[in-house]
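Colleague: This is start.txt, which holds compact mmCIF, C-alpha atoms:
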```txt
# COMPACT_ATOMS: atom_id res chain seq x y z
CA MET R 135 78.48 -44.43 36.87
CA LYS R 136 79.27 -40.79 36.02
CA PHE R 137 76.05 -38.82 36.58
CA CYS R 138 73.19 -38.77 39.10
CA SER R 139 70.17 -40.64 37.73
CA GLU R 140 67.86 -38.30 39.68
CA CYS R 141 69.25 -34.82 38.81
CA ALA R 142 71.88 -35.40 36.04
CA HIS R 143 74.72 -33.68 37.95
CA PRO R 144 78.12 -35.44 38.25
CA VAL R 145 78.60 -38.06 40.97
CA GLU R 146 81.80 -38.62 42.96
CA LEU R 147 83.08 -41.76 44.65
CA THR R 148 83.22 -40.95 48.36
CA ILE R 149 82.45 -42.52 51.76
CA PRO R 150 79.16 -41.00 53.02
CA ALA R 151 78.83 -39.96 56.70
CA GLY R 152 78.01 -42.98 58.88
CA ASP R 153 79.10 -45.42 56.14
CA ASN R 154 82.40 -47.27 55.74
CA ARG R 155 82.74 -47.84 52.01
CA PRO R 156 82.94 -45.64 48.91
CA ARG R 157 79.61 -44.93 47.15
CA TYR R 158 78.63 -42.87 44.13
CA VAL R 159 77.22 -39.69 45.71
CA CYS R 160 75.65 -36.82 43.75
CA THR R 161 77.65 -33.57 44.05
CA GLN R 162 74.39 -31.57 43.73
CA CYS R 163 71.41 -33.39 45.33
CA THR R 164 73.58 -35.67 47.60
CA ALA R 165 71.64 -38.82 46.55
CA ILE R 166 73.64 -41.98 47.31
CA HIS R 167 73.64 -44.57 44.49
CA TYR R 168 74.24 -48.01 46.01
CA GLN R 169 75.43 -50.92 43.88
CA ASN R 170 74.59 -54.47 45.00
CA PRO R 171 75.14 -58.04 43.81
CA LYS R 172 72.70 -59.59 41.33
CA MET R 173 71.05 -63.00 41.37
CA VAL R 174 71.21 -65.47 38.47
CA LEU R 175 68.48 -68.13 38.61
CA GLY R 176 68.23 -71.37 36.67
CA SER R 177 67.10 -74.99 36.69
CA ILE R 178 68.45 -78.51 36.18
CA PRO R 179 65.75 -79.98 33.89
CA VAL R 180 65.90 -83.79 33.82
CA TRP R 181 64.06 -86.58 31.98
CA GLU R 182 64.24 -90.09 33.41
CA ARG R 183 62.92 -93.21 31.67
CA ASP R 184 63.83 -96.90 32.19
CA GLY R 185 66.57 -95.97 34.68
CA GLN R 186 68.26 -93.67 32.13
CA LEU R 187 68.58 -90.01 33.19
CA GLN R 188 69.22 -87.13 30.81
CA VAL R 189 69.83 -83.45 31.59
CA LEU R 190 68.79 -80.57 29.33
CA LEU R 191 71.55 -78.12 28.34
CA CYS R 192 71.43 -75.00 26.12
CA ARG R 193 74.22 -73.82 23.80
CA ARG R 194 74.67 -70.07 24.27
CA ALA R 195 73.84 -67.75 21.34
CA ILE R 196 75.11 -64.69 23.25
CA GLU R 197 78.31 -63.42 24.88
CA PRO R 198 79.90 -64.10 27.27
CA ARG R 199 80.82 -67.68 26.38
CA TYR R 200 79.04 -67.80 22.99
CA GLY R 201 78.81 -71.40 21.76
CA TYR R 202 79.41 -72.99 25.18
CA TRP R 203 76.86 -75.17 27.01
CA THR R 204 74.85 -74.03 30.02
CA LEU R 205 71.89 -74.96 32.16
CA PRO R 206 69.01 -72.56 31.41
CA ALA R 207 69.59 -69.52 33.67
CA GLY R 208 69.56 -65.73 33.71
CA PHE R 209 69.24 -62.59 35.82
CA MET R 210 66.33 -62.49 38.28
CA GLU R 211 63.92 -59.60 37.57
CA ASN R 212 62.04 -57.28 39.93
CA ASN R 213 58.52 -58.46 40.92
CA GLU R 214 59.31 -62.16 40.65
CA THR R 215 60.44 -64.85 43.10
CA THR R 216 63.55 -67.02 42.75
CA SER R 217 61.44 -70.00 41.60
CA GLU R 218 59.47 -67.85 39.12
CA ALA R 219 62.79 -66.58 37.69
CA ALA R 220 64.15 -70.13 37.33
CA MET R 221 60.94 -71.23 35.59
CA ARG R 222 60.87 -68.17 33.27
CA GLU R 223 64.49 -68.60 32.19
CA THR R 224 63.88 -72.29 31.42
CA VAL R 225 60.95 -71.36 29.17
CA GLU R 226 62.78 -68.43 27.52
CA GLU R 227 66.05 -70.25 26.76
CA ALA R 228 64.84 -73.79 26.08
CA GLY R 229 61.07 -73.56 25.48
CA ALA R 230 60.88 -76.38 28.04
CA HIS R 231 57.89 -77.35 30.18
CA ILE R 232 59.06 -78.24 33.66
CA GLU R 233 57.86 -78.99 37.14
CA LEU R 234 60.15 -77.15 39.56
CA GLY R 235 61.57 -79.00 42.57
CA PRO R 236 63.52 -77.66 45.58
CA LEU R 237 66.47 -75.28 45.41
CA PHE R 238 69.63 -77.37 44.85
CA THR R 239 72.66 -75.01 44.73
CA LEU R 240 73.43 -71.47 45.91
CA MET R 241 76.86 -70.32 44.75
CA ASN R 242 78.66 -67.06 45.42
CA VAL R 243 80.67 -65.59 42.54
CA ALA R 244 81.83 -62.55 44.51
CA ARG R 245 84.42 -61.36 41.94
CA VAL R 246 81.59 -60.60 39.46
CA HIS R 247 79.07 -59.51 42.15
CA GLN R 248 76.70 -62.42 41.50
CA VAL R 249 74.91 -65.19 43.38
CA HIS R 250 73.85 -68.14 41.19
CA MET R 251 71.05 -70.50 42.24
CA PHE R 252 69.71 -73.64 40.54
CA TYR R 253 66.46 -75.51 41.22
CA LEU R 254 65.91 -79.21 40.59
CA ALA R 255 63.36 -79.66 37.78
CA THR R 256 61.55 -82.45 35.93
CA LEU R 257 60.67 -82.11 32.24
CA ARG R 258 56.96 -82.73 31.54
CA ASP R 259 57.74 -83.74 27.94
CA LEU R 260 60.55 -83.59 25.35
CA ASP R 261 58.86 -80.81 23.38
CA PHE R 262 61.50 -78.07 23.68
CA ALA R 263 63.24 -75.66 21.27
CA PRO R 264 66.02 -73.07 21.51
CA GLY R 265 64.91 -69.53 22.45
CA GLU R 266 66.54 -66.33 21.14
CA GLU R 267 69.54 -66.64 23.44
CA SER R 268 70.27 -70.32 22.58
CA LEU R 269 71.83 -71.87 19.45
CA ASP R 270 70.72 -75.37 20.39
CA VAL R 271 69.04 -77.35 23.17
CA GLN R 272 69.95 -80.99 23.74
CA MET R 273 69.54 -83.79 26.28
CA PHE R 274 72.72 -85.36 27.74
CA THR R 275 73.33 -88.48 29.83
CA GLU R 276 76.02 -88.15 32.52
CA GLU R 277 78.58 -89.69 30.12
CA GLN R 278 77.64 -87.26 27.33
CA ILE R 279 77.92 -84.01 29.35
CA PRO R 280 80.40 -81.71 27.47
CA TRP R 281 82.50 -81.03 30.59
CA ASN R 282 85.19 -79.13 28.64
CA ASP R 283 82.67 -76.95 26.83
CA LEU R 284 80.56 -75.73 29.76
CA ALA R 285 79.98 -71.96 29.92
CA PHE R 286 80.53 -71.14 33.60
CA PRO R 287 82.06 -72.68 36.75
CA THR R 288 78.66 -72.58 38.48
CA ILE R 289 77.23 -74.84 35.74
CA ARG R 290 80.08 -77.32 36.19
CA THR R 291 79.75 -77.22 40.00
CA THR R 292 75.97 -77.69 39.91
CA LEU R 293 76.21 -80.65 37.51
CA GLU R 294 79.04 -82.25 39.55
CA LEU R 295 77.02 -81.91 42.78
CA PHE R 296 73.91 -83.25 41.03
CA PHE R 297 75.62 -86.42 39.79
CA ALA R 298 77.46 -86.85 43.13
CA ASP R 299 74.12 -86.72 44.97
CA ARG R 300 72.66 -89.29 42.56
CA ALA R 301 75.65 -91.62 43.10
CA ARG R 302 75.18 -91.31 46.90
CA MET R 303 71.41 -91.91 46.53
CA ARG R 304 72.07 -95.06 44.43
CA ALA R 305 74.58 -96.31 47.03
CA SER R 306 72.83 -95.45 50.28
CA GLY R 307 69.42 -93.91 49.58
CA GLY R 308 68.18 -90.54 50.81
CA GLY R 309 67.38 -87.53 48.66
CA TYR R 310 69.05 -84.59 46.99
CA GLY R 311 70.83 -82.15 49.32
CA PHE R 312 70.98 -78.36 49.28
CA HIS R 313 74.50 -77.12 48.54
CA THR R 314 76.16 -73.75 49.10
CA GLN R 315 79.57 -72.99 47.62
CA ASP R 316 81.92 -70.06 46.97
CA ILE R 317 83.33 -70.02 43.42
CA THR R 318 86.65 -68.20 43.25
CA LYS R 319 88.26 -69.47 40.04
CA PRO R 320 87.16 -68.37 36.55
CA MET R 321 86.13 -71.13 34.11
CA ARG R 322 89.16 -71.21 31.87
CA SER R 323 91.60 -72.14 34.64
CA ASP R 324 89.32 -75.05 35.59
CA VAL R 325 89.41 -76.88 32.28
CA MET C 199 65.40 -42.97 37.52
CA LYS C 200 65.20 -39.85 35.34
CA PHE C 201 68.63 -39.44 33.72
CA CYS C 202 71.29 -41.69 32.18
CA SER C 203 74.08 -42.37 34.70
CA GLU C 204 76.58 -42.63 31.80
CA CYS C 205 75.79 -39.50 29.70
CA ALA C 206 73.28 -37.43 31.81
CA HIS C 207 70.62 -37.31 29.07
CA PRO C 208 66.97 -38.16 29.96
CA VAL C 209 65.93 -41.83 30.05
CA GLU C 210 62.56 -43.20 28.93
CA LEU C 211 60.73 -46.31 30.05
CA THR C 212 60.48 -48.52 26.95
CA ILE C 213 60.78 -52.17 25.89
CA PRO C 214 64.17 -52.62 24.15
CA ALA C 215 64.39 -54.70 20.94
CA GLY C 216 64.62 -58.41 21.78
CA ASP C 217 63.36 -57.81 25.33
CA ASN C 218 59.85 -58.23 26.75
CA ARG C 219 59.67 -55.80 29.66
CA PRO C 220 60.00 -52.03 30.08
CA ARG C 221 63.52 -50.76 30.95
CA TYR C 222 64.99 -47.33 31.52
CA VAL C 223 66.75 -46.62 28.18
CA CYS C 224 68.85 -43.52 27.47
CA THR C 225 67.34 -41.33 24.74
CA GLN C 226 70.87 -40.27 23.68
CA CYS C 227 73.44 -43.08 24.15
CA THR C 228 70.82 -45.93 24.18
CA ALA C 229 72.33 -47.49 27.36
CA ILE C 230 69.84 -49.83 29.07
CA HIS C 231 69.64 -49.43 32.87
CA TYR C 232 68.45 -52.72 34.35
CA GLN C 233 66.98 -52.87 37.85
CA ASN C 234 67.22 -56.15 39.77
CA PRO C 235 66.22 -57.51 43.19
CA LYS C 236 68.57 -57.05 46.15
CA MET C 237 69.68 -59.55 48.76
CA VAL C 238 69.35 -58.99 52.51
CA LEU C 239 71.63 -61.22 54.59
CA GLY C 240 71.53 -61.93 58.30
CA SER C 241 72.09 -64.49 61.04
CA ILE C 242 70.26 -66.20 63.92
CA PRO C 243 72.86 -65.87 66.72
CA VAL C 244 72.12 -68.29 69.58
CA TRP C 245 73.64 -69.00 73.01
CA GLU C 246 72.85 -72.34 74.64
CA ARG C 247 73.78 -73.29 78.22
CA ASP C 248 72.28 -75.94 80.55
CA GLY C 249 69.55 -76.76 78.02
CA GLN C 250 68.41 -73.11 77.89
CA LEU C 251 68.57 -71.46 74.45
CA GLN C 252 68.56 -67.71 73.85
CA VAL C 253 68.46 -65.80 70.55
CA LEU C 254 70.08 -62.41 69.98
CA LEU C 255 67.80 -59.65 68.64
CA CYS C 256 68.53 -55.99 67.81
CA ARG C 257 66.11 -53.08 68.31
CA ARG C 258 66.21 -50.92 65.18
CA ALA C 259 67.57 -47.35 65.47
CA ILE C 260 66.65 -46.58 61.83
CA GLU C 261 63.58 -46.48 59.59
CA PRO C 262 61.75 -48.44 58.37
CA ARG C 263 60.35 -49.99 61.58
CA TYR C 264 62.31 -47.81 64.04
CA GLY C 265 62.08 -49.30 67.55
CA TYR C 266 61.04 -52.79 66.40
CA TRP C 267 63.09 -55.94 66.98
CA THR C 268 65.05 -57.75 64.26
CA LEU C 269 67.68 -60.39 63.73
CA PRO C 270 70.93 -58.69 62.64
CA ALA C 271 70.65 -58.30 58.83
CA GLY C 272 71.25 -55.86 55.99
CA PHE C 273 71.91 -55.43 52.28
CA MET C 274 74.62 -57.62 50.77
CA GLU C 275 77.47 -55.58 49.26
CA ASN C 276 79.52 -56.11 46.09
CA ASN C 277 82.75 -58.13 46.54
CA GLU C 278 81.44 -60.24 49.42
CA THR C 279 79.75 -63.65 49.71
CA THR C 280 76.38 -64.33 51.34
CA SER C 281 78.08 -65.73 54.46
CA GLU C 282 80.52 -62.79 54.64
CA ALA C 283 77.54 -60.40 54.43
CA ALA C 284 75.68 -62.24 57.23
CA MET C 285 78.81 -62.15 59.40
CA ARG C 286 79.49 -58.45 58.68
CA GLU C 287 75.93 -57.37 59.49
CA THR C 288 76.02 -59.30 62.78
CA VAL C 289 79.20 -57.47 63.78
CA GLU C 290 77.95 -54.05 62.59
CA GLU C 291 74.51 -54.18 64.22
CA ALA C 292 75.22 -56.17 67.39
CA GLY C 293 79.01 -56.15 67.87
CA ALA C 294 78.61 -59.91 68.27
CA HIS C 295 81.26 -62.59 67.78
CA ILE C 296 79.72 -65.59 66.03
CA GLU C 297 80.56 -68.85 64.36
CA LEU C 298 78.42 -69.10 61.24
CA GLY C 299 76.52 -72.32 60.50
CA PRO C 300 74.61 -73.37 57.36
CA LEU C 301 72.07 -71.26 55.50
CA PHE C 302 68.69 -71.72 57.22
CA THR C 303 66.07 -69.63 55.33
CA LEU C 304 65.75 -68.09 51.86
CA MET C 305 62.62 -65.96 51.55
CA ASN C 306 61.30 -64.05 48.56
CA VAL C 307 59.73 -60.66 49.25
CA ALA C 308 58.91 -59.95 45.62
CA ARG C 309 56.70 -56.89 46.27
CA VAL C 310 59.78 -54.98 47.53
CA HIS C 311 62.23 -56.66 45.10
CA GLN C 312 64.19 -58.41 47.86
CA VAL C 313 65.41 -61.89 48.79
CA HIS C 314 66.16 -62.35 52.52
CA MET C 315 68.49 -65.09 53.76
CA PHE C 316 69.45 -66.07 57.31
CA TYR C 317 72.33 -68.29 58.46
CA LEU C 318 72.36 -70.32 61.68
CA ALA C 319 74.99 -68.91 64.05
CA THR C 320 76.48 -69.63 67.48
CA LEU C 321 77.66 -66.80 69.74
CA ARG C 322 81.27 -67.24 70.92
CA ASP C 323 80.58 -65.11 74.03
CA LEU C 324 78.01 -62.67 75.44
CA ASP C 325 80.25 -59.66 74.82
CA PHE C 326 78.03 -57.67 72.40
CA ALA C 327 76.83 -54.07 72.10
CA PRO C 328 74.47 -52.14 69.82
CA GLY C 329 76.03 -50.70 66.65
CA GLU C 330 75.01 -47.39 65.04
CA GLU C 331 71.83 -48.85 63.53
CA SER C 332 70.63 -50.49 66.78
CA LEU C 333 69.06 -48.93 69.92
CA ASP C 334 69.56 -52.09 71.95
CA VAL C 335 70.74 -55.71 71.68
CA GLN C 336 69.25 -58.37 73.95
CA MET C 337 69.06 -62.13 74.36
CA PHE C 338 65.59 -63.77 74.34
CA THR C 339 64.37 -67.25 75.24
CA GLU C 340 61.58 -68.61 73.00
CA GLU C 341 58.97 -67.46 75.59
CA GLN C 342 60.48 -63.96 75.70
CA ILE C 343 60.54 -63.28 71.91
CA PRO C 344 58.59 -60.02 71.31
CA TRP C 345 56.40 -61.56 68.58
CA ASN C 346 54.17 -58.48 68.28
CA ASP C 347 57.12 -56.10 68.03
CA LEU C 348 59.17 -57.79 65.32
CA ALA C 349 60.30 -55.55 62.45
CA PHE C 350 59.63 -57.65 59.35
CA PRO C 351 57.68 -60.78 58.28
CA THR C 352 60.93 -62.51 57.28
CA ILE C 353 62.18 -62.15 60.89
CA ARG C 354 58.96 -63.68 62.24
CA THR C 355 59.06 -66.50 59.65
CA THR C 356 62.72 -67.31 60.32
CA LEU C 357 62.19 -67.41 64.11
CA GLU C 358 59.02 -69.54 63.73
CA LEU C 359 60.85 -72.02 61.47
CA PHE C 360 63.83 -72.07 63.84
CA PHE C 361 61.74 -72.96 66.92
CA ALA C 362 59.63 -75.44 64.87
CA ASP C 363 62.83 -77.23 63.78
CA ARG C 364 64.02 -77.33 67.40
CA ALA C 365 60.69 -78.80 68.56
CA ARG C 366 60.94 -81.48 65.84
CA MET C 367 64.58 -82.18 66.78
CA ARG C 368 63.61 -82.59 70.48
CA ALA C 369 60.75 -84.95 69.50
CA SER C 370 62.39 -87.06 66.81
CA GLY C 371 66.04 -86.05 66.37
CA GLY C 372 67.66 -84.96 63.13
CA GLY C 373 69.08 -81.52 62.39
CA TYR C 374 68.00 -78.11 61.19
CA GLY C 375 66.45 -77.99 57.71
CA PHE C 376 66.90 -75.46 54.91
CA HIS C 377 63.66 -73.57 54.24
CA THR C 378 62.50 -71.53 51.25
CA GLN C 379 59.36 -69.42 51.44
CA ASP C 380 57.51 -66.67 49.56
CA ILE C 381 56.38 -63.80 51.79
CA THR C 382 53.39 -61.98 50.33
CA LYS C 383 51.80 -60.18 53.31
CA PRO C 384 53.27 -57.05 54.88
CA MET C 385 54.06 -57.21 58.61
CA ARG C 386 51.20 -55.12 59.98
CA SER C 387 48.47 -57.41 58.66
CA ASP C 388 50.21 -60.36 60.34
CA VAL C 389 50.04 -59.07 63.89
```
What would the structure in this file look like if it were written as structure tokens?

Modeller:
Amino acid sequence: MKFCSECAHPVELTIPAGDNRPRYVCTQCTAIHYQNPKMVLGSIPVWERDGQLQVLLCRRAIEPRYGYWTLPAGFMENNETTSEAAMRETVEEAGAHIELGPLFTLMNVARVHQVHMFYLATLRDLDFAPGEESLDVQMFTEEQIPWNDLAFPTIRTTLELFFADRARMRASGGGYGFHTQDITKPMRSDV
Amino acid sequence: MKFCSECAHPVELTIPAGDNRPRYVCTQCTAIHYQNPKMVLGSIPVWERDGQLQVLLCRRAIEPRYGYWTLPAGFMENNETTSEAAMRETVEEAGAHIELGPLFTLMNVARVHQVHMFYLATLRDLDFAPGEESLDVQMFTEEQIPWNDLAFPTIRTTLELFFADRARMRASGGGYGFHTQDITKPMRSDV
């Protein structure tokens, strides 16, 4: 940020009176321009038949991580709720028709100023198609998940927690949990 | 937003190619200035002795809702996690020393482009004091909560869910839940 979005004069990075961190402050109109973390919302769309579960993944057609696999997800917009954002991104990226379940993961990625959240979701049918931001959309069983070609650590974490919950549910019943986690390592050092 | 924060030329509200909603786009350098919802993080600091539970509330020294009661909460900053933000706001507004528990509520307030989240918290001691943004900090039993003088609907909702969970726990055991909710009514029509 170089200029004030209200009066076009230069901004400077300074700690305003009564504050304790540097902000972009206009040198002319004194407007303070705060910068805050963004939310990324997505879903874990699953299809289960005859005891066989498959998860829908999208192959990214955009940077960052072009060509890598992701759960459908994207930045939450103004005037929508977290569940509406998760639903919208699933339609936009995978053309998928889902029924949204409860929130499953909330993960802090503080180094990039983001909070990622994923909702459980059930596919209504297998009639899906890649949107503009996807090269491909495919269904994967747990064994088929491309663990080394996932786009982001929050995708890996969400899928790991999802299959761990299912293993626990098979062994001792109960339902899916809600999981919060802080992600500190970038993807490439994970794989 | 009237001017580009990168080059100071005027922006116009238009739908960029490949997008489907209006954005502020620079008429000169074509930078797109996205606007996204913000997160408000806070805690529910409690003190429990001899079966008597009290909750810490702050009386607001700032607008909006000057003079009304709130749980300690505020905007999440870049470079921090949701739990760090909840902890920081509790220190800043109430000078309180807490041990943070799990996330308790996540509430969408889409009409003001905000998501509010509150963590369970236990006070380490009763050594607290109002910060710059608080007129007063006090402990309240459930019967003493100033329901008609609460600052925001998300405060009311979080406190209602908290005491409902405690009533359920007294009756049939178990622990606190995690609750998501969409808040559509402003505070004044609630009371």

Colleague: Given a cut-off of 7 Å, which residues of chain R touch chain C, counting all atoms listed in the file, written out as a list in words?

Modeller: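 Here is what falls inside 7 Å: Met135, Lys136, Phe137, Cys138, Ser139, Glu140, Cys141, Ala142, Gln169, Asn170, Pro171, Lys172, Met210, Glu211, Asn212, Asn213, Glu214, Thr215, Thr216, Asn242, Ala244, Arg245 and His247 of chain R.
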
Colleague: Would you list the residues near (56.3, -77.1, 35.1) (no more than 8 Å away, in the coordinates of the file, using all atoms listed in the file) as a PyMOL selection string?

Modeller: chain R and resi 221+231-234+255-258

Colleague: Could you write out the selected residues, including C-alpha atoms, as a PDB file, keeping the file's coordinate frame?

Modeller:
```
ATOM      1  CA  MET R 221      60.940 -71.230  35.590  1.00  0.00           C
ATOM      2  CA  HIS R 231      57.890 -77.350  30.180  1.00  0.00           C
ATOM      3  CA  ILE R 232      59.060 -78.240  33.660  1.00  0.00           C
ATOM      4  CA  GLU R 233      57.860 -78.990  37.140  1.00  0.00           C
ATOM      5  CA  LEU R 234      60.150 -77.150  39.560  1.00  0.00           C
ATOM      6  CA  ALA R 255      63.360 -79.660  37.780  1.00  0.00           C
ATOM      7  CA  THR R 256      61.550 -82.450  35.930  1.00  0.00           C
ATOM      8  CA  LEU R 257      60.670 -82.110  32.240  1.00  0.00           C
ATOM      9  CA  ARG R 258      56.960 -82.730  31.540  1.00  0.00           C
TER      10      ARG R 258
END
```

Colleague: Could you list, as a list in words, every residue within 7 Å of range 256-265 of chain C, counting only C-alpha atoms and ignoring same-chain residues fewer than 5 positions away?

Modeller: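 In the requested format, the answer is Pro270, Ala292, Glu331, Ser332, Leu333, Asp334, Val335, Gln336 and Ala349 of chain C.
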
Colleague: I'd like the interatomic distance between CA of Ala229 in chain C and CA of Tyr158 in chain R, to a tenth of an Å.

Modeller: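 Taking CA of Ala229 in chain C as the start and CA of Tyr158 in chain R as the end point, the length is 18.5 Å.
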
Colleague: Closest to Ala327 in chain C among C:Leu251, C:Val244, C:Trp267, C:Gly293, using only C-alpha atoms?

Modeller: C:Gly293

Colleague: Skipping near chain neighbours, those fewer than 3 positions away, what residues fall within 7 Å of Glu146 in chain R using all atoms listed in the file, listed as an MDAnalysis selection string?

Modeller: chainID R and resid 158:161

Colleague: Quick check, in Å to one decimal: how far apart do CA of Phe286 in chain R and CA of Leu254 in chain R lie?

Modeller: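 Going from CA of Phe286 in chain R over to CA of Leu254 in chain R, I get 18.1 Å.
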
Colleague: When you draw a straight line from CA of Asp325 in chain C to CA of Glu358 in chain C, how long is it in Å?

Modeller: 25.9 Å

Colleague: I'd like the neighbourhood of range 276-282 of chain R as a ChimeraX atom specification, where a residue qualifies if any of its atoms comes within 12 Å (using all atoms listed in the file), though same-chain residues fewer than 2 positions away should be ignored.

Modeller: /R:180,182,186-193,201-205,272-274,284-287,289-294,296-298,300-301,321-325
